[in-house]
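> My file is run_8.txt. It has compact mmCIF, C-alpha atoms:
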# COMPACT_ATOMS: atom_id res chain seq x y z
CA MET W 848 -44.69 204.27 -69.84
CA ALA W 849 -48.47 203.98 -70.38
CA ASP W 850 -48.05 203.87 -74.16
CA ASP W 851 -45.70 200.91 -73.82
CA MET W 852 -47.93 199.00 -71.40
CA VAL W 853 -51.27 199.40 -73.20
CA LEU W 854 -51.43 199.75 -76.97
CA LYS W 855 -54.04 201.03 -79.40
CA GLY W 856 -54.87 199.21 -82.61
CA PRO W 857 -57.47 197.18 -84.55
CA ALA W 858 -58.75 193.79 -83.51
CA GLU W 859 -57.27 190.70 -85.14
CA SER W 860 -58.90 189.25 -88.24
CA TRP W 861 -60.34 186.16 -86.48
CA VAL W 862 -62.58 188.33 -84.25
CA LYS W 863 -66.26 188.45 -85.21
CA GLN W 864 -67.95 191.83 -84.89
CA LEU W 865 -71.58 191.52 -83.79
CA ASP W 866 -74.51 193.84 -84.28
CA ILE W 867 -75.48 195.61 -81.09
CA PRO W 868 -78.63 194.01 -79.63
CA ALA W 869 -81.51 196.05 -78.29
CA ALA W 870 -82.40 196.15 -74.61
CA ASP W 871 -85.63 194.54 -73.41
CA PRO W 872 -87.98 197.46 -72.65
CA THR W 873 -89.95 195.35 -70.16
CA ARG W 874 -86.90 195.32 -67.87
CA SER W 875 -86.19 199.04 -67.89
CA ASP W 876 -87.35 199.28 -64.26
CA GLN W 877 -84.54 196.88 -63.26
CA ILE W 878 -81.73 199.05 -64.62
CA LYS W 879 -79.31 200.15 -61.90
CA ASN W 880 -77.17 203.27 -61.63
CA GLY W 881 -78.23 204.70 -64.97
CA VAL W 882 -76.53 202.14 -67.25
CA SER W 883 -78.35 199.71 -69.55
CA TRP W 884 -76.07 196.83 -70.58
CA LEU W 885 -76.42 195.75 -74.19
CA LEU W 886 -73.56 193.38 -74.99
CA SER W 887 -70.88 191.38 -73.17
CA ASP W 888 -68.89 189.46 -75.78
CA ASP W 889 -65.76 187.38 -75.05
CA GLN W 890 -63.92 185.61 -77.87
CA ILE W 891 -60.91 183.39 -77.17
CA THR W 892 -58.53 181.54 -79.44
CA HIS W 893 -55.59 179.26 -78.76
CA ARG W 894 -52.06 180.38 -79.59
CA ALA W 895 -48.73 178.61 -79.10
CA GLY W 896 -47.62 179.20 -75.51
CA GLY W 897 -50.90 180.78 -74.43
CA TYR W 898 -54.07 182.26 -75.87
CA VAL W 899 -55.69 185.50 -77.01
CA GLU W 900 -58.89 186.94 -75.56
CA TYR W 901 -60.97 189.66 -77.21
CA SER W 902 -63.59 191.35 -75.03
CA ARG W 903 -66.25 193.80 -76.15
CA THR W 904 -68.64 195.71 -73.92
CA VAL W 905 -71.54 197.90 -75.03
CA TYR W 906 -73.84 199.91 -72.77
CA LYS W 907 -76.24 202.83 -72.93
CA ILE W 908 -76.31 205.73 -70.49
CA VAL W 909 -79.99 206.22 -69.72
CA ASP W 910 -79.96 208.96 -67.07
CA ARG W 911 -77.77 211.30 -65.03
CA PRO W 912 -76.29 208.73 -62.59
CA GLY W 913 -75.07 206.77 -65.60
CA LEU W 914 -72.73 209.59 -66.56
CA ASP W 915 -70.67 209.02 -63.44
CA ARG W 916 -70.60 205.27 -63.95
CA GLY W 917 -70.22 205.12 -67.72
CA ALA W 918 -67.88 208.02 -68.54
CA SER W 919 -64.72 205.96 -67.99
CA ILE W 920 -63.42 202.45 -68.54
CA ASP W 921 -60.78 200.37 -66.73
CA LEU W 922 -58.56 197.69 -68.24
CA GLN W 923 -56.96 195.51 -65.56
CA PHE W 924 -53.91 193.42 -66.40
CA ASP W 925 -50.80 191.67 -65.14
CA PRO W 926 -47.82 193.09 -67.09
CA SER W 927 -45.80 189.92 -66.47
CA ARG W 928 -48.13 187.85 -68.67
CA HIS W 929 -50.57 190.17 -70.46
CA LYS W 930 -50.13 192.34 -73.56
CA VAL W 931 -53.15 194.63 -73.81
CA THR W 932 -54.49 196.52 -76.83
CA LEU W 933 -57.53 198.79 -76.85
CA ASN W 934 -59.10 198.05 -80.23
CA HIS W 935 -61.89 200.56 -80.44
CA LEU W 936 -63.78 203.13 -78.40
CA HIS W 937 -66.97 204.42 -79.98
CA ILE W 938 -69.75 206.68 -78.83
CA ILE W 939 -72.98 206.15 -80.74
CA ARG W 940 -75.12 209.29 -80.60
CA ASP W 941 -78.37 209.63 -82.52
CA GLY W 942 -77.25 206.85 -84.85
CA ALA W 943 -73.86 208.41 -85.63
CA VAL W 944 -70.66 206.58 -84.62
CA LEU W 945 -68.04 208.84 -83.04
CA ASP W 946 -64.55 207.29 -82.96
CA ARG W 947 -62.72 208.29 -79.76
CA LEU W 948 -59.79 205.85 -79.90
CA GLU W 949 -57.20 208.27 -81.25
CA GLY W 950 -57.60 210.72 -78.36
CA VAL W 951 -57.45 208.06 -75.62
CA GLU W 952 -54.89 208.59 -72.87
CA PHE W 953 -54.16 205.86 -70.35
CA ASP W 954 -53.61 206.56 -66.67
CA ILE W 955 -51.80 203.54 -65.22
CA PHE W 956 -52.00 202.85 -61.51
CA ARG W 957 -51.49 199.92 -59.18
CA ARG W 958 -54.26 198.79 -56.87
CA GLU W 959 -53.33 196.12 -54.34
CA ARG W 960 -56.64 195.02 -52.82
CA ASP W 961 -55.06 192.52 -50.43
CA ALA W 962 -52.07 194.60 -49.35
CA GLU W 963 -53.26 194.57 -45.74
CA LYS W 964 -52.98 190.76 -45.86
CA GLY W 965 -49.43 190.96 -47.16
CA VAL W 966 -50.50 189.76 -50.62
CA PHE W 967 -49.25 191.73 -53.64
CA ASP W 968 -50.32 190.46 -57.06
CA GLY W 969 -48.72 193.11 -59.28
CA TRP W 970 -51.88 193.80 -61.30
CA LEU W 971 -52.24 197.23 -62.89
CA THR W 972 -55.26 199.25 -64.03
CA ALA W 973 -55.31 201.35 -67.19
CA HIS W 974 -57.94 204.02 -66.60
CA VAL W 975 -59.51 205.90 -69.53
CA ASN W 976 -61.74 208.96 -69.20
CA ILE W 977 -64.26 209.27 -72.02
CA ASP W 978 -64.75 212.91 -72.96
CA ASP W 979 -68.10 214.44 -73.84
CA VAL W 980 -70.43 211.61 -72.83
CA ARG W 981 -74.10 212.50 -72.72
CA THR W 982 -77.31 210.91 -71.52
CA GLY W 983 -78.64 208.69 -74.30
CA ASP W 984 -75.18 207.84 -75.66
CA ILE W 985 -74.14 204.26 -76.33
CA VAL W 986 -70.55 203.44 -75.35
CA ASP W 987 -68.92 200.60 -77.30
CA TYR W 988 -65.35 199.45 -76.65
CA GLY W 989 -63.25 196.35 -77.33
CA SER W 990 -59.86 195.17 -76.12
CA THR W 991 -57.50 192.29 -76.81
CA TYR W 992 -55.35 190.49 -74.24
CA GLU W 993 -52.46 188.36 -75.49
CA ILE W 994 -51.95 186.02 -72.54
CA THR W 995 -48.77 184.06 -71.87
CA PRO W 996 -49.13 182.06 -68.63
CA LEU W 997 -46.08 182.00 -66.39
CA ALA W 998 -46.56 178.26 -65.84
CA GLY W 999 -48.52 175.69 -67.79
CA LYS W 1000 -48.40 177.65 -71.04
CA ASP W 1001 -50.56 175.08 -72.83
CA LEU W 1002 -53.18 174.93 -70.08
CA PHE W 1003 -56.37 176.99 -70.17
CA PHE W 1004 -58.93 177.74 -67.47
CA LYS W 1005 -61.87 180.15 -67.59
CA ASN W 1006 -64.99 180.88 -65.58
CA PHE W 1007 -67.85 183.11 -66.76
CA SER W 1008 -71.32 184.02 -65.53
CA THR W 1009 -74.48 183.14 -67.42
CA GLU W 1010 -76.61 185.55 -65.38
CA TRP W 1011 -76.15 189.08 -64.08
CA GLU W 1012 -77.78 191.06 -61.31
CA GLU W 1013 -78.72 193.70 -63.91
CA PRO W 1014 -80.46 193.40 -67.29
CA VAL W 1015 -78.18 192.68 -70.25
CA ALA W 1016 -79.35 192.17 -73.82
CA LEU W 1017 -76.78 189.51 -74.73
CA ILE W 1018 -74.01 187.57 -72.97
CA ARG W 1019 -71.81 185.73 -75.46
CA THR W 1020 -68.66 183.63 -75.03
CA SER W 1021 -66.86 181.75 -77.79
CA ILE W 1022 -63.69 179.66 -77.49
CA ILE W 1023 -61.69 178.33 -80.43
CA TRP W 1024 -59.46 175.47 -79.27
CA PRO W 1025 -57.51 172.63 -80.92
CA SER W 1026 -59.75 169.65 -81.60
CA ASP W 1027 -57.15 167.26 -80.19
CA GLN W 1028 -57.48 169.03 -76.82
CA PRO W 1029 -61.24 168.87 -76.14
CA LEU W 1030 -62.34 171.32 -73.49
CA GLN W 1031 -63.79 170.12 -70.19
CA ILE W 1032 -66.98 171.96 -69.18
CA LYS W 1033 -68.66 172.12 -65.79
CA THR W 1034 -71.85 174.06 -65.11
CA ARG W 1035 -72.85 175.63 -61.80
CA GLY W 1036 -76.44 176.70 -61.24
CA THR W 1037 -77.31 176.47 -64.95
CA ARG W 1038 -78.09 173.82 -67.54
CA LEU W 1039 -76.82 175.87 -70.45
CA LYS W 1040 -74.81 173.89 -73.01
CA PRO W 1041 -72.60 175.27 -75.79
CA SER W 1042 -73.00 174.77 -79.48
CA ILE W 1043 -69.91 172.87 -80.64
CA SER W 1044 -68.69 173.09 -84.24
CA PRO W 1045 -65.43 171.60 -85.59
CA THR W 1046 -63.62 173.72 -88.18
CA GLY W 1047 -60.46 172.20 -89.60
CA PRO W 1048 -57.95 171.52 -86.79
CA ASP W 1049 -59.96 173.56 -84.27
CA THR W 1050 -63.31 173.34 -82.52
CA THR W 1051 -65.48 176.34 -81.65
CA TYR W 1052 -67.49 176.31 -78.42
CA LEU W 1053 -70.19 178.99 -78.34
CA TRP W 1054 -72.49 180.11 -75.54
CA GLU W 1055 -75.14 182.76 -76.26
CA ILE W 1056 -77.52 183.96 -73.57
CA PRO W 1057 -79.98 186.56 -74.88
CA ASN W 1058 -81.74 188.72 -72.31
CA PRO W 1059 -81.12 186.57 -69.20
CA LYS W 1060 -83.41 187.23 -66.27
CA PRO W 1061 -81.59 189.33 -63.64
CA VAL W 1062 -80.89 187.42 -60.44
CA ASN W 1063 -81.44 188.70 -56.94
CA VAL W 1064 -78.51 187.39 -54.92
CA GLU W 1065 -79.30 186.97 -51.24
CA ASP W 1066 -76.94 188.13 -48.51
CA ASN W 1067 -74.97 185.72 -46.30
CA LEU W 1068 -75.17 182.73 -48.61
CA PRO W 1069 -72.68 179.87 -48.12
CA VAL W 1070 -69.52 180.32 -50.15
CA THR W 1071 -70.20 177.17 -52.17
CA TYR W 1072 -73.81 178.13 -52.99
CA PRO W 1073 -74.19 179.20 -56.65
CA GLY W 1074 -75.82 182.61 -56.33
CA TRP W 1075 -76.02 182.83 -60.12
CA GLY W 1076 -75.27 180.55 -63.04
CA SER W 1077 -71.67 180.12 -64.13
CA ILE W 1078 -69.57 177.84 -66.31
CA ASP W 1079 -66.06 176.49 -65.71
CA VAL W 1080 -63.97 175.60 -68.76
CA ALA W 1081 -60.61 173.79 -68.69
CA SER W 1082 -58.25 172.32 -71.27
CA THR W 1083 -57.39 169.38 -69.04
CA ALA W 1084 -59.43 166.65 -67.35
CA ASN W 1085 -56.97 165.70 -64.63
CA TRP W 1086 -54.80 167.31 -61.99
CA GLN W 1087 -51.63 165.55 -63.10
CA SER W 1088 -51.16 167.95 -66.00
CA VAL W 1089 -51.42 170.82 -63.53
CA VAL W 1090 -48.91 169.17 -61.21
CA ASP W 1091 -46.52 168.59 -64.10
CA ALA W 1092 -46.82 172.25 -65.12
CA VAL W 1093 -46.08 173.78 -61.73
CA ALA W 1094 -43.73 171.19 -60.19
CA PRO W 1095 -40.58 172.68 -61.80
CA TYR W 1096 -41.26 175.94 -59.96
CA TYR W 1097 -41.24 174.27 -56.53
CA LYS W 1098 -37.70 173.72 -55.30
CA PRO W 1099 -37.74 172.49 -51.69
CA ALA W 1100 -34.68 173.10 -49.57
CA THR W 1101 -32.39 170.09 -49.47
CA VAL W 1102 -29.42 171.57 -47.63
CA PHE W 1103 -29.83 172.81 -44.07
CA PRO W 1104 -27.40 174.54 -41.68
CA ARG W 1105 -25.80 172.36 -39.02
CA LEU W 1106 -27.74 172.54 -35.77
CA LEU W 1107 -26.26 174.48 -32.88
CA PRO W 1108 -25.38 172.45 -29.75
CA GLN W 1109 -28.24 172.02 -27.35
CA SER W 1110 -28.16 174.36 -24.39
CA SER W 1111 -30.42 175.43 -21.58
CA THR W 1112 -31.40 178.51 -23.56
CA THR W 1113 -32.37 176.75 -26.82
CA SER W 1114 -34.89 174.12 -27.73
CA LEU W 1115 -35.82 172.53 -31.01
CA CYS W 1116 -38.79 174.06 -32.83
CA GLY W 1117 -40.36 173.57 -36.21
CA ILE W 1118 -39.75 177.08 -37.57
CA ARG W 1119 -36.80 179.15 -38.63
CA CYS W 1120 -35.78 181.49 -35.79
CA PRO W 1121 -36.18 185.13 -36.91
CA LYS W 1122 -33.34 186.28 -34.65
CA THR W 1123 -30.62 183.66 -35.13
CA GLY W 1124 -31.67 182.36 -38.53
CA TRP W 1125 -31.39 178.75 -37.32
CA SER W 1126 -34.12 176.13 -37.20
CA ARG W 1127 -33.81 176.05 -33.42
CA GLN W 1128 -35.74 178.12 -30.97
CA CYS W 1129 -33.54 180.43 -28.92
CA GLY W 1130 -34.44 182.13 -25.67
CA TRP W 1131 -35.59 185.19 -27.57
CA CYS W 1132 -38.03 183.08 -29.59
CA ARG W 1133 -39.33 181.29 -26.51
CA THR W 1134 -39.94 184.59 -24.83
CA ARG W 1135 -41.81 185.91 -27.86
CA SER W 1136 -43.92 182.77 -28.23
CA ALA W 1137 -44.90 182.91 -24.58
CA MET W 1138 -46.24 186.45 -24.90
For the structure just supplied, provide its representation as C-alpha cells.


Amino acid sequence: MADDMVLKGPAESWVKQLDIPAADPTRSDQIKNGVSWLLSDDQITHRAGGYVEYSRTVYKIVDRPGLDRGASIDLQFDPSRHKVTLNHLHIIRDGAVLDRLEGVEFDIFRRERDAEKGVFDGWLTAHVNIDDVRTGDIVDYGSTYEITPLAGKDLFFKNFSTEWEEPVALIRTSIIWPSDQPLQIKTRGTRLKPSISPTGPDTTYLWEIPNPKPVNVEDNLPVTYPGWGSIDVASTANWQSVVDAVAPYYKPATVFPRLLPQSSTTSLCGIRCPKTGWSRQCGWCRTRSAM
C-alpha cells in the first residue's frame, strides 16, 4: 500500500538543483532544538489540469537534541489529489554524500487533527526514519507533488512565509506560470517583490530571501495581525472565477417531502427533524430543544 501511495524516483528535468548555502555563524545562538536550517526551496510549474510542486529541504544537526528532531521526515498529502514522489534523501558527512533513497521505507498513517470537531480531511502522512544519523550530518531531501485540484483545476493559490522563527540560510520560491495568466501577488508584513522573467509562453516569478532575520512572534496577537512576513499568490484576480469553478458542486435541494398536517403535537421549524425526517418539529424535537 505504501509503495503505491508514495513513490521513489528522480526529480523532473525542469527542476533546478541549487548549491547548499552556508549558515550565518553570527546566528548560531538562535538555533533551536539542535537543527540549523540551510535551505527551503519550493519550485512550482503549471501543468494541464493542475500543477507540480518540487520541495527541497536541507538542514544540519548541530547537537544531540537535533538527532531526535532531524532523524526522520514526514510527507503529508491528500491521496485524492496528490501524487507524491520522494526524489532524493542524502546525508552529507565530512563532505561525502551518502545516498539513502534506496533503503527508504514509508510508514503511512492518518492523522485527523480536527476529529473532535467532526471534521475529517482525509490527509495522510508518510513517515520516514533516517538510519544512522549523527551529530554534524547534513540531511538533504527533495520531493515532488503532482497536484490535481478536485475543483477549479486551472486555478492556483499559494501562501508562503518570508521569515521564520529560526535562522535559515536561504528561503527560495519560484513559480513558472503561463504568461497569459499573470499571477496576482499580495504581501503581508513584507515589502519583498519577486524578480519576474518571461521565457517563451511562460513567466517565472522568483523570490529569494537569504539569511532572513528570525522573528520573535508574540503570544495572544490578533488573528489578522501579521506575526511574520508572508506572500499570497493567486492565478485569478476576481472571485467570479472561483464561483464558476465550485458552483457545479453545489446542488441545492429542489424537491421537498409534502408537509404533514398540522397538529397539536407538531409545529413548523426551520430544520429537518432527526426523529421523523420531516422539516416539521414534532413533540420529540420540541422536548429536546427545551432541554

> W:Thr1009, W:Ile1078, W:Asp1049, W:Leu997: which is nearest Ile1032 (chain W), counting all atoms listed in the file?

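Closest residue, counting all atoms listed in the file: W:Ile1078.
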
> Skip Ile1023 (chain W) itself and residues of its chain fewer than 5 positions away, then list as a PyMOL selection string all residues within 8 Å of it, counting only C-alpha atoms.

chain W and resi 891-893+1049-1052

> Which residue, W:Pro1014, W:Pro1029, W:Gly950, W:Gly897, has the smallest gap to Asn880 (chain W) when you use all atoms listed in the file?

W:Pro1014

> Smallest atom-to-atom distance to Val944 (chain W): which of W:Trp1086, W:Tyr988, W:Tyr901, W:Phe956, using all atoms listed in the file?

W:Tyr988

> Mind pulling up the distance from CA of Trp1011 (chain W) to CA of Val882 (chain W)?

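Those two atoms sit 13.4 Å apart.
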
> Report as a tab-separated table: every residue of region 1047-1088 of chain W with an atom at most 12 Å from region 853-872 of chain W, its closest pair of atoms, and their distance in Å to one decimal, counting all atoms listed in the file, with rows sorted by chain and ascending residue number.


residue	atom	partner	partner_atom	distance
W:Ile1056	CA	W:Pro868	CA	11.8
W:Pro1057	CA	W:Pro868	CA	8.9
W:Asn1058	CA	W:Asp871	CA	7.1
W:Pro1059	CA	W:Asp871	CA	10.1
W:Lys1060	CA	W:Asp871	CA	10.5
W:Pro1061	CA	W:Asp871	CA	11.8

> Which residue gives the smallest distance to Ile955 (chain W) among W:Arg1105, W:Arg894, W:His974, W:Arg1038, with all atoms listed in the file counted?

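Of W:Arg1105, W:Arg894, W:His974, W:Arg1038, the one nearest Ile955 (chain W) is W:His974, counting all atoms listed in the file.
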
> Taking 2 positions as the minimum chain separation for residues in the same chain, which residues sit within 6 Å of Tyr992 (chain W) when counting all atoms listed in the file? Answer as a VMD selection string.

chain W and resid 899 to 900 930 to 931 994

> If we count all atoms listed in the file, what is near Ala895 (chain W) at a cut-off of 12 Å, once residues fewer than 6 positions away on the same chain are taken out, given as a CSV table (one decimal) with C-alpha atoms, in the frame of the given file?


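Output saved as around_38.csv:
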chain,number,residue,atom,x,y,z
W,993,GLU,CA,-52.5,188.4,-75.5
W,994,ILE,CA,-52.0,186.0,-72.5
W,995,THR,CA,-48.8,184.1,-71.9
W,996,PRO,CA,-49.1,182.1,-68.6
W,999,GLY,CA,-48.5,175.7,-67.8
W,1000,LYS,CA,-48.4,177.6,-71.0
W,1001,ASP,CA,-50.6,175.1,-72.8
W,1002,LEU,CA,-53.2,174.9,-70.1
W,1003,PHE,CA,-56.4,177.0,-70.2
W,1024,TRP,CA,-59.5,175.5,-79.3
W,1025,PRO,CA,-57.5,172.6,-80.9

> Skip region 939-941 of chain W itself and residues of its chain fewer than 2 positions away, then list as a short mmCIF file (atom, residue, chain, number, x, y, z; two decimals) with C-alpha atoms, keeping the file's coordinate frame all residues within 7 Å of it, counting all atoms listed in the file.


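File produced: selection-v4.cif:
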data_model
loop_
_atom_site.label_atom_id
_atom_site.label_comp_id
_atom_site.auth_asym_id
_atom_site.auth_seq_id
_atom_site.Cartn_x
_atom_site.Cartn_y
_atom_site.Cartn_z
CA HIS W 937 -66.97 204.42 -79.98
CA ALA W 943 -73.86 208.41 -85.63
CA VAL W 944 -70.66 206.58 -84.62
CA LEU W 945 -68.04 208.84 -83.04
CA ASP W 984 -75.18 207.84 -75.66
CA ILE W 985 -74.14 204.26 -76.33
CA VAL W 986 -70.55 203.44 -75.35
#

> Can you spit out region 929-940 of chain W with all heavy atoms, as an mmCIF file, in the first residue's frame, from the structure just given?


data_model
loop_
_atom_site.group_PDB
_atom_site.id
_atom_site.type_symbol
_atom_site.label_atom_id
_atom_site.label_comp_id
_atom_site.auth_asym_id
_atom_site.auth_seq_id
_atom_site.Cartn_x
_atom_site.Cartn_y
_atom_site.Cartn_z
ATOM 1 N N HIS W 929 -3.234 14.322 -4.717
ATOM 2 C CA HIS W 929 -1.781 14.423 -4.732
ATOM 3 C C HIS W 929 -1.135 13.100 -5.154
ATOM 4 O O HIS W 929 -1.536 12.038 -4.681
ATOM 5 C CB HIS W 929 -1.237 14.780 -3.347
ATOM 6 C CG HIS W 929 -1.649 16.121 -2.857
ATOM 7 N ND1 HIS W 929 -1.648 16.466 -1.524
ATOM 8 C CD2 HIS W 929 -2.074 17.222 -3.519
ATOM 9 C CE1 HIS W 929 -2.062 17.712 -1.391
ATOM 10 N NE2 HIS W 929 -2.324 18.190 -2.589
ATOM 11 N N LYS W 930 -0.160 13.173 -6.022
ATOM 12 C CA LYS W 930 0.732 12.054 -6.320
ATOM 13 C C LYS W 930 2.115 12.459 -5.846
ATOM 14 O O LYS W 930 2.668 13.466 -6.313
ATOM 15 C CB LYS W 930 0.747 11.751 -7.810
ATOM 16 C CG LYS W 930 1.681 10.610 -8.195
ATOM 17 C CD LYS W 930 1.676 10.376 -9.697
ATOM 18 C CE LYS W 930 2.675 9.298 -10.086
ATOM 19 N NZ LYS W 930 2.713 9.095 -11.562
ATOM 20 N N VAL W 931 2.686 11.716 -4.904
ATOM 21 C CA VAL W 931 3.902 12.136 -4.213
ATOM 22 C C VAL W 931 5.072 11.224 -4.583
ATOM 23 O O VAL W 931 4.938 9.993 -4.604
ATOM 24 C CB VAL W 931 3.704 12.114 -2.686
ATOM 25 C CG1 VAL W 931 4.934 12.683 -1.977
ATOM 26 C CG2 VAL W 931 2.453 12.906 -2.301
ATOM 27 N N THR W 932 6.205 11.841 -4.858
ATOM 28 C CA THR W 932 7.438 11.102 -5.147
ATOM 29 C C THR W 932 8.571 11.676 -4.312
ATOM 30 O O THR W 932 8.799 12.891 -4.337
ATOM 31 C CB THR W 932 7.814 11.196 -6.634
ATOM 32 O OG1 THR W 932 6.741 10.685 -7.441
ATOM 33 C CG2 THR W 932 9.072 10.388 -6.921
ATOM 34 N N LEU W 933 9.252 10.824 -3.560
ATOM 35 C CA LEU W 933 10.466 11.246 -2.853
ATOM 36 C C LEU W 933 11.617 11.138 -3.843
ATOM 37 O O LEU W 933 11.940 10.053 -4.326
ATOM 38 C CB LEU W 933 10.717 10.356 -1.636
ATOM 39 C CG LEU W 933 11.943 10.716 -0.782
ATOM 40 C CD1 LEU W 933 11.825 12.117 -0.203
ATOM 41 C CD2 LEU W 933 12.143 9.695 0.343
ATOM 42 N N ASN W 934 12.230 12.279 -4.155
ATOM 43 C CA ASN W 934 13.236 12.325 -5.222
ATOM 44 C C ASN W 934 14.642 11.980 -4.759
ATOM 45 O O ASN W 934 15.390 11.318 -5.486
ATOM 46 C CB ASN W 934 13.244 13.714 -5.867
ATOM 47 C CG ASN W 934 11.897 14.116 -6.414
ATOM 48 O OD1 ASN W 934 11.369 15.171 -6.081
ATOM 49 N ND2 ASN W 934 11.308 13.274 -7.252
ATOM 50 N N HIS W 935 14.992 12.458 -3.586
ATOM 51 C CA HIS W 935 16.316 12.104 -3.069
ATOM 52 C C HIS W 935 16.337 12.249 -1.559
ATOM 53 O O HIS W 935 15.555 13.016 -0.974
ATOM 54 C CB HIS W 935 17.426 12.969 -3.708
ATOM 55 C CG HIS W 935 17.461 14.387 -3.223
ATOM 56 N ND1 HIS W 935 16.816 15.429 -3.846
ATOM 57 C CD2 HIS W 935 18.084 14.950 -2.142
ATOM 58 C CE1 HIS W 935 17.029 16.552 -3.207
ATOM 59 N NE2 HIS W 935 17.801 16.296 -2.150
ATOM 60 N N LEU W 936 17.198 11.489 -0.934
ATOM 61 C CA LEU W 936 17.456 11.594 0.501
ATOM 62 C C LEU W 936 18.940 11.355 0.700
ATOM 63 O O LEU W 936 19.436 10.240 0.531
ATOM 64 C CB LEU W 936 16.631 10.574 1.287
ATOM 65 C CG LEU W 936 16.909 10.501 2.792
ATOM 66 C CD1 LEU W 936 16.699 11.861 3.454
ATOM 67 C CD2 LEU W 936 16.046 9.439 3.463
ATOM 68 N N HIS W 937 19.644 12.428 1.013
ATOM 69 C CA HIS W 937 21.095 12.365 1.169
ATOM 70 C C HIS W 937 21.499 12.726 2.594
ATOM 71 O O HIS W 937 20.873 13.595 3.218
ATOM 72 C CB HIS W 937 21.801 13.336 0.208
ATOM 73 C CG HIS W 937 21.608 13.018 -1.237
ATOM 74 N ND1 HIS W 937 21.757 13.960 -2.234
ATOM 75 C CD2 HIS W 937 21.278 11.855 -1.860
ATOM 76 C CE1 HIS W 937 21.521 13.400 -3.409
ATOM 77 N NE2 HIS W 937 21.227 12.119 -3.208
ATOM 78 N N ILE W 938 22.525 12.086 3.058
ATOM 79 C CA ILE W 938 23.231 12.522 4.258
ATOM 80 C C ILE W 938 24.628 12.945 3.824
ATOM 81 O O ILE W 938 25.332 12.181 3.156
ATOM 82 C CB ILE W 938 23.315 11.407 5.310
ATOM 83 C CG1 ILE W 938 21.913 11.099 5.859
ATOM 84 C CG2 ILE W 938 24.251 11.806 6.447
ATOM 85 C CD1 ILE W 938 21.899 9.988 6.886
ATOM 86 N N ILE W 939 24.996 14.164 4.166
ATOM 87 C CA ILE W 939 26.323 14.673 3.824
ATOM 88 C C ILE W 939 27.149 14.651 5.097
ATOM 89 O O ILE W 939 26.837 15.343 6.069
ATOM 90 C CB ILE W 939 26.228 16.092 3.237
ATOM 91 C CG1 ILE W 939 25.300 16.080 2.010
ATOM 92 C CG2 ILE W 939 27.613 16.609 2.859
ATOM 93 C CD1 ILE W 939 24.993 17.448 1.457
ATOM 94 N N ARG W 940 28.199 13.829 5.087
ATOM 95 C CA ARG W 940 29.026 13.620 6.276
ATOM 96 C C ARG W 940 30.488 13.816 5.911
ATOM 97 O O ARG W 940 31.027 13.111 5.061
ATOM 98 C CB ARG W 940 28.794 12.211 6.832
ATOM 99 C CG ARG W 940 29.571 11.879 8.093
ATOM 100 C CD ARG W 940 29.229 10.482 8.572
ATOM 101 N NE ARG W 940 27.811 10.399 8.948
ATOM 102 C CZ ARG W 940 27.125 9.260 8.994
ATOM 103 N NH1 ARG W 940 27.715 8.104 8.668
ATOM 104 N NH2 ARG W 940 25.855 9.266 9.348
#
